[in-house]
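The structure under discussion appears below in the form of structure tokens.
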Number of protein chains: 2
Amino acid sequence: MAQLSLKKDLFAQLAVIAKSLSNANRLELIDFLAQGERSVDELAHVSGLSVANTSQHLQDLRRSGLVKNRSAGKKVFYSLSDYKVVELVGLMRSLAEDNLAEIQILINNYLASKDDLEPLQRDELLQRVQSGEAIVVDVRPDTEYQAGHVPNAINIPFSKLEHELKSLPKDKEIIAYCRGPYCLLSFDAVVQLREQGFKARRLYEGFPEWKLSGLPIEQGL
Amino acid sequence: MAQLSLKKDLFAQLAVIAKSLSNANRLELIDFLAQGERSVDELAHVSGLSVANTSQHLQDLRRSGLVKNRSAGKKVFYSLSDYKVVELVGLMRSLAEDNLAEIQILINNYLASKDDLEPLQRDELLQRVQSGEAIVVDVRPDTEYQAGHVPNAINIPFSKLEHELKSLPKDKEIIAYCRGPYCLLSFDAVVQLREQGFKARRLYEGFPEWKLSGLPIEQGL
DNA sequence: CAAACATTCAATAGATTCATTGAATGTGAT
DNA sequence: ATCACATTCAATGAATCTATTGAATGTTTG
């Protein structure tokens with residue numbers, strides 16, 4: 001029964017990937033890596049894990065094909081091997097939000113009101129920007145922003161958000177978007193902005209969907 | 001630091017989901033459930049696990065929100081709680097195919113040539129069907145097929161494929177499609193058809209993408 | 001070459017996962 | 001009520017996972 005064997009083997013391999021994702025610390029590392037390449041050092045610092053432990057987790061992720069690494073001098077830099085990894089985690093989050101009561105309780109406990117957390121749709125964004133109620137922030141890296149973005153959106157890559165807080169208005173609503181409905185960056189940005197007292201929400205979709213829908217876009221800047 | 005705590009808790013919950021997916025037997029159960037609701041009994045039989053063990057795995061999947069159950073008489077029927085579960089597994093598979101050497105070796109070992117395995121694109125499908133080289137099979141359940149399908153596609157739900165083998169031509173290429181690029185059904189169908197000596201390939205995309213692209217569709221039948 | 005540094009390796013103990021076994025629960029049929 | 005059946009529960013031991021510790025490797029700097 002070659003078929004059965006193929007299936008069994010295939011599932012065994014998929015299980016390896018899932019096992020890699022089945023640890024909160026490794027998920028956190030992936031979350032940081034979604035922002036770009038990072039050294040073991042940085043990852044250990046930002047996650048609060050020991051360097052040895054961080055290294056072990058990263059090697060686990062590498063064995064399962066989720067991240068890749070590159071050594072430069074005495075440092076080793078890790079990065080996601082595929083953008084699909086972010087989609088995968090995002091899809092897991094979306095599934096969790098819909099089907100896991102624990103997540104719903106969690107979110108309600110930490111964030112003021114459920115309504116505020118609801119992501120906006122495209123047309124709502126357009127309305128609010130036109131009426132001057134809101135500004136749009138693109139939290140993707142510079143290069144992606146320059147290749148195309150939502151009109152009038154300003155670019156604050158997530159990694160620089162903390163330093164740019166003072167340039168943002170507290171009286172307007174801030175609408176963050178990134179690469180897609182399952183992209184983690186805009187979600188993280190909203191959480192961080194709210195922590196700092198801003199009125200923040202995220203666009204349900206990301207730039208690729210915006211572009212696909214035929215709405216106007218801007219380039220460069 | 002409420003934010004940190006939220007993030008940690010969130011990742012801990014996502015880890016629960018991933019942990020549920022991190023076992024080959026549970027993935028196989030999900031694969032069967034993708035075809036529709038099944039009793040514990042059936043699932044145990046088809047997966048080769050003991051009933052008690054199957055029940056335990058199913059309860060694990062239920063705790064993580066991936067499946068739901070319903071009891072009827074002395075039977076308990078399980079089903080996927082969300083179609084996103086299939087997308088999730090499909091995305092994992094896609095990631096594995098791209099980034100995990102083990103999977104590539106696996107597939108090459110089991111299936112004759114890599115070229116044959118490559119999925120077709122829409123325009124290739126149209127060409128081959130027009131020239132009479134190929135027939136198109138929709139492996140989704142009846143109801144989805146009736147709601148709309150690729151023109152001239154015949155409907156053989158995956159669960160009935162085994163019984164319909166004799167009605168299929170061995171000299172033409174059989175192109176299977178289902179619900180999307182990450183849908184498992186068409187992949188499984190191709191594997192099964194090849195096992196039986198048919199020339200089978202799958203359409204890269206599924207019906208939703210076909211419809212979105214503006215190509216003609218048929219309904220009913 | 002020696003010192004400082006970043007990362008990895010190896011060994012360990014405690015916790016968790018998995019399949020198996022046999023008993024317990026609950027439903028429908030006789 | 002009793003019996004057959006489907007499912008779940010509970011307990012077990014073997015295997016695996018995780019964080020910690022301290023040593024080892026390899027690179028740059030002085």
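Just remember, in the structure tokens the first chain shown is A, the second B, etc., residues are 1-based per chain, and ligands are 1-based in the order shown.
Using only C-alpha atoms (C1' of nucleotides), the residues found no farther than 12 Å from Leu126 (chain B), other than those of its own chain fewer than 2 positions away, are B:Leu120, B:Gln121, B:Arg122, B:Asp123, B:Glu124, B:Arg128, B:Val129, B:Gln130, B:Ser131, B:Gly132, B:Glu133, B:Ala134, B:Ile135, B:Val136, B:Val150, B:Pro151, B:Asn152, B:Ala153, B:Ile175, B:Leu203, B:Trp210, B:Leu215, B:Pro216.
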Enumerate, in order of chain and increasing residue number, the residues of chain B with an atom no farther than 12 Å from chain C, each with its shortest atom pair and distance in Å to one decimal, counting only C-alpha atoms (C1' of nucleotides), as a tab-separated table.
residue	atom	partner	partner_atom	distance
B:Lys19	CA	C:DT17	C1'	10.2
B:Ser20	CA	C:DT17	C1'	11.1
B:Ser22	CA	C:DT17	C1'	10.8
B:Asn23	CA	C:DC18	C1'	9.7
B:Ala24	CA	C:DC18	C1'	11.6
B:Asn25	CA	C:DC18	C1'	10.7
B:Arg26	CA	C:DC18	C1'	11.8
B:Leu49	CA	C:DA19	C1'	9.2
B:Ser50	CA	C:DA19	C1'	8.8
B:Val51	CA	C:DT20	C1'	11.3
B:Ala52	CA	C:DT20	C1'	9.2
B:Asn53	CA	C:DA19	C1'	7.0
B:Thr54	CA	C:DA19	C1'	10.3
B:Gln56	CA	C:DC18	C1'	10.3
B:His57	CA	C:DC18	C1'	10.0
B:Asp60	CA	C:DT17	C1'	11.5
B:Ser71	CA	C:DT27	C1'	10.5
B:Ala72	CA	C:DT27	C1'	9.3
B:Gly73	CA	C:DT27	C1'	6.0
B:Lys74	CA	C:DT27	C1'	4.8
B:Lys75	CA	C:DT27	C1'	8.6
B:Val76	CA	C:DT27	C1'	11.1
Hey, can you spit out that residue selection with N, CA and C atoms as a CSV table (one decimal), in the first residue's frame?
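And here is the file that came out, selection26.csv:
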chain,number,residue,atom,x,y,z
B,19,LYS,N,-0.2,22.2,18.8
B,19,LYS,CA,0.1,21.0,19.5
B,19,LYS,C,-0.9,19.9,19.0
B,20,SER,N,-2.1,20.3,18.9
B,20,SER,CA,-3.1,19.4,18.4
B,20,SER,C,-2.8,18.9,17.0
B,22,SER,N,0.1,18.5,15.9
B,22,SER,CA,1.5,18.0,15.8
B,22,SER,C,1.6,16.5,15.9
B,23,ASN,N,0.6,15.8,15.5
B,23,ASN,CA,0.6,14.4,15.6
B,23,ASN,C,0.0,13.8,14.3
B,24,ALA,N,0.8,12.9,13.7
B,24,ALA,CA,0.4,12.4,12.4
B,24,ALA,C,-1.0,11.7,12.4
B,25,ASN,N,-1.3,11.0,13.5
B,25,ASN,CA,-2.6,10.4,13.5
B,25,ASN,C,-3.7,11.4,13.6
B,26,ARG,N,-3.5,12.5,14.3
B,26,ARG,CA,-4.6,13.5,14.4
B,26,ARG,C,-4.7,14.2,13.0
B,49,LEU,N,-6.5,3.0,14.1
B,49,LEU,CA,-6.2,3.2,15.5
B,49,LEU,C,-7.3,2.5,16.3
B,50,SER,N,-7.0,2.2,17.6
B,50,SER,CA,-8.0,1.6,18.4
B,50,SER,C,-9.1,2.7,18.7
B,51,VAL,N,-10.3,2.2,19.0
B,51,VAL,CA,-11.4,3.1,19.2
B,51,VAL,C,-11.1,4.1,20.4
B,52,ALA,N,-10.5,3.5,21.5
B,52,ALA,CA,-10.2,4.4,22.6
B,52,ALA,C,-9.2,5.4,22.2
B,53,ASN,N,-8.2,5.0,21.5
B,53,ASN,CA,-7.2,6.0,21.1
B,53,ASN,C,-7.7,7.0,20.2
B,54,THR,N,-8.6,6.6,19.2
B,54,THR,CA,-9.2,7.6,18.3
B,54,THR,C,-10.0,8.6,19.1
B,56,GLN,N,-9.6,9.5,22.1
B,56,GLN,CA,-8.7,10.5,22.8
B,56,GLN,C,-8.2,11.6,21.9
B,57,HIS,N,-7.8,11.1,20.7
B,57,HIS,CA,-7.3,12.1,19.8
B,57,HIS,C,-8.4,13.1,19.4
B,60,ASP,N,-8.9,15.6,22.0
B,60,ASP,CA,-7.8,16.6,22.0
B,60,ASP,C,-8.1,17.7,20.9
B,71,SER,N,-23.8,14.2,19.3
B,71,SER,CA,-24.2,12.8,19.5
B,71,SER,C,-25.6,12.5,19.0
B,72,ALA,N,-25.7,11.4,18.4
B,72,ALA,CA,-27.0,11.0,17.9
B,72,ALA,C,-27.2,9.5,18.2
B,73,GLY,N,-28.1,9.2,19.1
B,73,GLY,CA,-28.3,7.8,19.5
B,73,GLY,C,-27.0,7.4,20.3
B,74,LYS,N,-26.6,6.2,20.0
B,74,LYS,CA,-25.4,5.8,20.7
B,74,LYS,C,-24.1,6.1,19.9
B,75,LYS,N,-24.2,6.9,18.9
B,75,LYS,CA,-23.0,7.3,18.1
B,75,LYS,C,-22.7,8.8,18.4
B,76,VAL,N,-21.5,9.1,18.2
B,76,VAL,CA,-21.0,10.5,18.3
B,76,VAL,C,-20.3,10.8,17.0
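With chain B fixed and chain A moved onto it by least squares, the Cα RMSD over every paired residue reaches 0.1 Å.
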TODO: From the DSSP assignment of the backbone, select every residue of region 83-206 of chain B that is alpha helix (DSSP H), and format the answer as a count of residues only.
DONE: 61
- [ ] Tell me the residues of chain D close to chain B, meaning within 8 Å using only C-alpha atoms (C1' of nucleotides), as a PyMOL selection string.
- [x] chain D and resi 5-8
All heavy atoms of the current selection, written as an mmCIF file, in the first residue's frame:
data_model
loop_
_atom_site.group_PDB
_atom_site.id
_atom_site.type_symbol
_atom_site.label_atom_id
_atom_site.label_comp_id
_atom_site.auth_asym_id
_atom_site.auth_seq_id
_atom_site.Cartn_x
_atom_site.Cartn_y
_atom_site.Cartn_z
ATOM 1 P P DC D 5 -23.086 -6.711 19.402
ATOM 2 O OP1 DC D 5 -23.318 -7.157 18.013
ATOM 3 O OP2 DC D 5 -22.003 -7.278 20.227
ATOM 4 O "O5'" DC D 5 -22.886 -5.126 19.372
ATOM 5 C "C5'" DC D 5 -23.951 -4.271 18.960
ATOM 6 C "C4'" DC D 5 -23.654 -2.863 19.425
ATOM 7 O "O4'" DC D 5 -23.770 -2.800 20.859
ATOM 8 C "C3'" DC D 5 -22.231 -2.379 19.115
ATOM 9 O "O3'" DC D 5 -22.320 -1.358 18.120
ATOM 10 C "C2'" DC D 5 -21.693 -1.854 20.438
ATOM 11 C "C1'" DC D 5 -22.957 -1.732 21.280
ATOM 12 N N1 DC D 5 -22.755 -1.869 22.747
ATOM 13 C C2 DC D 5 -23.179 -0.836 23.572
ATOM 14 O O2 DC D 5 -23.712 0.162 23.064
ATOM 15 N N3 DC D 5 -22.988 -0.938 24.916
ATOM 16 C C4 DC D 5 -22.405 -2.028 25.417
ATOM 17 N N4 DC D 5 -22.249 -2.086 26.751
ATOM 18 C C5 DC D 5 -21.972 -3.102 24.590
ATOM 19 C C6 DC D 5 -22.162 -2.983 23.262
ATOM 20 P P DA D 6 -20.978 -0.770 17.524
ATOM 21 O OP1 DA D 6 -21.187 -0.534 16.084
ATOM 22 O OP2 DA D 6 -19.836 -1.573 18.006
ATOM 23 O "O5'" DA D 6 -20.901 0.640 18.257
ATOM 24 C "C5'" DA D 6 -21.947 1.587 18.049
ATOM 25 C "C4'" DA D 6 -21.592 2.845 18.813
ATOM 26 O "O4'" DA D 6 -21.667 2.561 20.227
ATOM 27 C "C3'" DA D 6 -20.176 3.349 18.533
ATOM 28 O "O3'" DA D 6 -20.241 4.746 18.272
ATOM 29 C "C2'" DA D 6 -19.400 3.036 19.810
ATOM 30 C "C1'" DA D 6 -20.488 2.990 20.870
ATOM 31 N N9 DA D 6 -20.230 2.030 21.951
ATOM 32 C C8 DA D 6 -19.834 0.735 21.828
ATOM 33 N N7 DA D 6 -19.696 0.107 22.976
ATOM 34 C C5 DA D 6 -20.025 1.068 23.916
ATOM 35 C C6 DA D 6 -20.076 1.050 25.323
ATOM 36 N N6 DA D 6 -19.785 -0.039 26.045
ATOM 37 N N1 DA D 6 -20.442 2.177 25.955
ATOM 38 C C2 DA D 6 -20.749 3.254 25.216
ATOM 39 N N3 DA D 6 -20.745 3.397 23.896
ATOM 40 C C4 DA D 6 -20.368 2.260 23.292
ATOM 41 P P DT D 7 -18.895 5.575 17.956
ATOM 42 O OP1 DT D 7 -19.295 6.762 17.167
ATOM 43 O OP2 DT D 7 -17.846 4.660 17.465
ATOM 44 O "O5'" DT D 7 -18.471 6.071 19.412
ATOM 45 C "C5'" DT D 7 -19.380 6.871 20.140
ATOM 46 C "C4'" DT D 7 -18.901 7.032 21.569
ATOM 47 O "O4'" DT D 7 -18.781 5.735 22.199
ATOM 48 C "C3'" DT D 7 -17.534 7.682 21.736
ATOM 49 O "O3'" DT D 7 -17.745 9.012 22.195
ATOM 50 C "C2'" DT D 7 -16.812 6.802 22.755
ATOM 51 C "C1'" DT D 7 -17.924 5.909 23.298
ATOM 52 N N1 DT D 7 -17.496 4.569 23.777
ATOM 53 C C2 DT D 7 -17.534 4.311 25.116
ATOM 54 O O2 DT D 7 -17.880 5.129 25.954
ATOM 55 N N3 DT D 7 -17.126 3.046 25.479
ATOM 56 C C4 DT D 7 -16.715 2.029 24.631
ATOM 57 O O4 DT D 7 -16.388 0.937 25.078
ATOM 58 C C5 DT D 7 -16.701 2.367 23.227
ATOM 59 C C7 DT D 7 -16.262 1.336 22.220
ATOM 60 C C6 DT D 7 -17.086 3.596 22.867
ATOM 61 P P DT D 8 -16.499 9.975 22.493
ATOM 62 O OP1 DT D 8 -16.994 11.362 22.397
ATOM 63 O OP2 DT D 8 -15.346 9.536 21.722
ATOM 64 O "O5'" DT D 8 -16.209 9.665 24.036
ATOM 65 C "C5'" DT D 8 -17.232 9.879 24.986
ATOM 66 C "C4'" DT D 8 -16.771 9.398 26.343
ATOM 67 O "O4'" DT D 8 -16.471 7.980 26.272
ATOM 68 C "C3'" DT D 8 -15.505 10.069 26.866
ATOM 69 O "O3'" DT D 8 -15.834 10.668 28.103
ATOM 70 C "C2'" DT D 8 -14.494 8.921 27.016
ATOM 71 C "C1'" DT D 8 -15.402 7.709 27.136
ATOM 72 N N1 DT D 8 -14.833 6.407 26.707
ATOM 73 C C2 DT D 8 -14.659 5.412 27.635
ATOM 74 O O2 DT D 8 -14.942 5.552 28.812
ATOM 75 N N3 DT D 8 -14.158 4.241 27.135
ATOM 76 C C4 DT D 8 -13.820 3.962 25.821
ATOM 77 O O4 DT D 8 -13.381 2.863 25.486
ATOM 78 C C5 DT D 8 -14.016 5.051 24.898
ATOM 79 C C7 DT D 8 -13.673 4.870 23.455
ATOM 80 C C6 DT D 8 -14.510 6.205 25.381
#
Could you please tell me, as a tab-separated table (two decimals) with C-alpha atoms, in the first residue's frame, which residues of chain A have an atom within 9 Å of chain B when using only C-alpha atoms?
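After the write, result.tsv holds the following:
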chain	number	residue	atom	x	y	z
A	2	ALA	CA	2.22	2.76	-1.25
A	3	GLN	CA	-0.53	5.29	-0.91
A	6	LEU	CA	2.89	8.13	1.46
A	7	LYS	CA	0.05	9.57	3.43
A	8	LYS	CA	1.45	8.42	6.75
A	9	ASP	CA	4.86	9.80	5.90
A	10	LEU	CA	3.40	13.03	4.65
A	11	PHE	CA	1.42	13.53	7.82
A	12	ALA	CA	4.44	12.64	9.89
A	13	GLN	CA	6.34	15.43	8.19
A	14	LEU	CA	3.52	17.91	8.62
A	15	ALA	CA	3.43	16.92	12.26
A	16	VAL	CA	7.06	17.97	12.53
A	17	ILE	CA	6.15	21.43	11.33
A	18	ALA	CA	3.20	21.66	13.68
A	19	LYS	CA	5.32	20.47	16.57
A	20	SER	CA	7.69	23.30	15.89
A	21	LEU	CA	4.78	25.69	16.14
A	22	SER	CA	3.44	24.06	19.28
A	23	ASN	CA	5.48	26.07	21.75
A	24	ALA	CA	4.63	29.59	22.84
A	25	ASN	CA	8.26	30.68	22.93
A	26	ARG	CA	8.90	29.54	19.41
A	27	LEU	CA	5.76	31.32	18.23
A	28	GLU	CA	7.03	34.48	19.84
A	63	ARG	CA	14.93	21.68	11.19
A	64	SER	CA	11.26	22.00	10.43
A	65	GLY	CA	11.94	24.39	7.56
A	66	LEU	CA	10.22	27.40	9.08
A	81	SER	CA	12.22	30.90	5.24
A	82	ASP	CA	8.94	31.83	3.62
A	84	LYS	CA	3.81	31.62	4.24
A	85	VAL	CA	4.99	31.09	7.80
A	87	GLU	CA	0.23	33.42	6.93
A	88	LEU	CA	0.21	30.12	8.75
A	89	VAL	CA	0.44	31.69	12.18
A	91	LEU	CA	-4.51	31.60	10.01
A	92	MET	CA	-4.05	29.83	13.32
A	93	ARG	CA	-4.85	33.05	15.10
A	94	SER	CA	-7.91	33.62	13.01
A	95	LEU	CA	-9.08	30.09	13.68
A	96	ALA	CA	-8.44	30.55	17.37
A	98	ASP	CA	-13.38	32.12	15.86
A	99	ASN	CA	-13.39	28.79	17.61
A	100	LEU	CA	-11.55	28.92	20.90
A	101	ALA	CA	-13.43	30.39	23.79
A	102	GLU	CA	-10.20	30.97	25.71
A	103	ILE	CA	-8.94	33.39	23.09
A	106	LEU	CA	-8.41	36.72	26.65
A	107	ILE	CA	-8.97	39.44	24.11
A	110	TYR	CA	-7.13	42.83	27.81
A	188	ASP	CA	0.72	44.05	17.13
A	191	VAL	CA	-2.04	46.55	20.65
A	192	GLN	CA	1.04	48.68	21.15
A	195	GLU	CA	-1.13	50.59	25.33
- [ ] Give the strand (DSSP E) residues of region 76-211 of chain A, as DSSP finds them on the backbone, and put them as a VMD selection string.
- [x] chain A and resid 76 to 80 134 to 138 154 to 155 173 to 177 199 to 202
Keeping only C-alpha atoms, write the selected residues to a file as a PDB file, in the first residue's frame.
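Written out: again_29.pdb:
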ATOM      1  CA  VAL A  76      24.181  34.206  13.211  1.00  0.00           C
ATOM      2  CA  PHE A  77      21.132  35.819  11.709  1.00  0.00           C
ATOM      3  CA  TYR A  78      17.826  34.006  11.493  1.00  0.00           C
ATOM      4  CA  SER A  79      14.889  34.858   9.261  1.00  0.00           C
ATOM      5  CA  LEU A  80      11.661  33.246   8.140  1.00  0.00           C
ATOM      6  CA  ALA A 134      -8.552  58.981  10.935  1.00  0.00           C
ATOM      7  CA  ILE A 135      -5.072  58.560   9.547  1.00  0.00           C
ATOM      8  CA  VAL A 136      -3.715  55.435   7.918  1.00  0.00           C
ATOM      9  CA  VAL A 137      -0.418  53.844   8.882  1.00  0.00           C
ATOM     10  CA  ASP A 138       1.369  51.245   6.776  1.00  0.00           C
ATOM     11  CA  ILE A 154       2.179  57.100   6.103  1.00  0.00           C
ATOM     12  CA  ASN A 155       4.851  54.479   6.512  1.00  0.00           C
ATOM     13  CA  GLU A 173      -8.077  57.307  15.006  1.00  0.00           C
ATOM     14  CA  ILE A 174      -5.071  55.451  13.701  1.00  0.00           C
ATOM     15  CA  ILE A 175      -5.776  52.692  11.207  1.00  0.00           C
ATOM     16  CA  ALA A 176      -2.954  50.224  10.739  1.00  0.00           C
ATOM     17  CA  TYR A 177      -2.569  47.728   7.933  1.00  0.00           C
ATOM     18  CA  LYS A 199      -7.188  55.176  19.383  1.00  0.00           C
ATOM     19  CA  ALA A 200      -6.063  52.455  17.061  1.00  0.00           C
ATOM     20  CA  ARG A 201      -7.766  49.904  14.862  1.00  0.00           C
ATOM     21  CA  ARG A 202      -6.585  47.727  12.057  1.00  0.00           C
TER      22      ARG A 202
END
- [ ] Give me, please, the distance in Å between CA of Lys170 (chain B) and CA of Gly197 (chain B), quoted to one decimal.
- [x] 7.4 Å
Nearby residues (only C-alpha atoms (C1' of nucleotides)) at most 10 Å from Leu161 (chain B), same-chain spacing under 6 positions excluded, as a PDB file with N, CA and C atoms, in the first residue's frame:
ATOM      1  N   VAL B 139     -13.973  17.122  -7.289  1.00  0.00           N
ATOM      2  CA  VAL B 139     -14.048  16.124  -6.217  1.00  0.00           C
ATOM      3  C   VAL B 139     -14.727  16.655  -4.949  1.00  0.00           C
ATOM      4  N   ASN B 155     -18.745  15.541 -11.633  1.00  0.00           N
ATOM      5  CA  ASN B 155     -18.626  15.557 -10.168  1.00  0.00           C
ATOM      6  C   ASN B 155     -18.449  14.133  -9.637  1.00  0.00           C
ATOM      7  N   SER B 167     -15.632   4.077 -14.373  1.00  0.00           N
ATOM      8  CA  SER B 167     -16.256   4.985 -15.334  1.00  0.00           C
ATOM      9  C   SER B 167     -15.261   5.997 -15.907  1.00  0.00           C
ATOM     10  N   LEU B 168     -14.052   5.941 -15.453  1.00  0.00           N
ATOM     11  CA  LEU B 168     -13.072   6.931 -15.924  1.00  0.00           C
ATOM     12  C   LEU B 168     -12.160   6.336 -16.997  1.00  0.00           C
ATOM     13  N   ALA B 189      -7.006  12.777  -4.360  1.00  0.00           N
ATOM     14  CA  ALA B 189      -7.611  12.130  -5.523  1.00  0.00           C
ATOM     15  C   ALA B 189      -6.536  11.755  -6.537  1.00  0.00           C
ATOM     16  N   GLN B 192      -4.601   8.779  -5.401  1.00  0.00           N
ATOM     17  CA  GLN B 192      -5.369   7.551  -5.526  1.00  0.00           C
ATOM     18  C   GLN B 192      -5.505   7.111  -6.990  1.00  0.00           C
ATOM     19  N   LEU B 193      -5.775   8.058  -7.865  1.00  0.00           N
ATOM     20  CA  LEU B 193      -5.927   7.732  -9.279  1.00  0.00           C
ATOM     21  C   LEU B 193      -4.632   7.165  -9.852  1.00  0.00           C
TER      22      LEU B 193
END
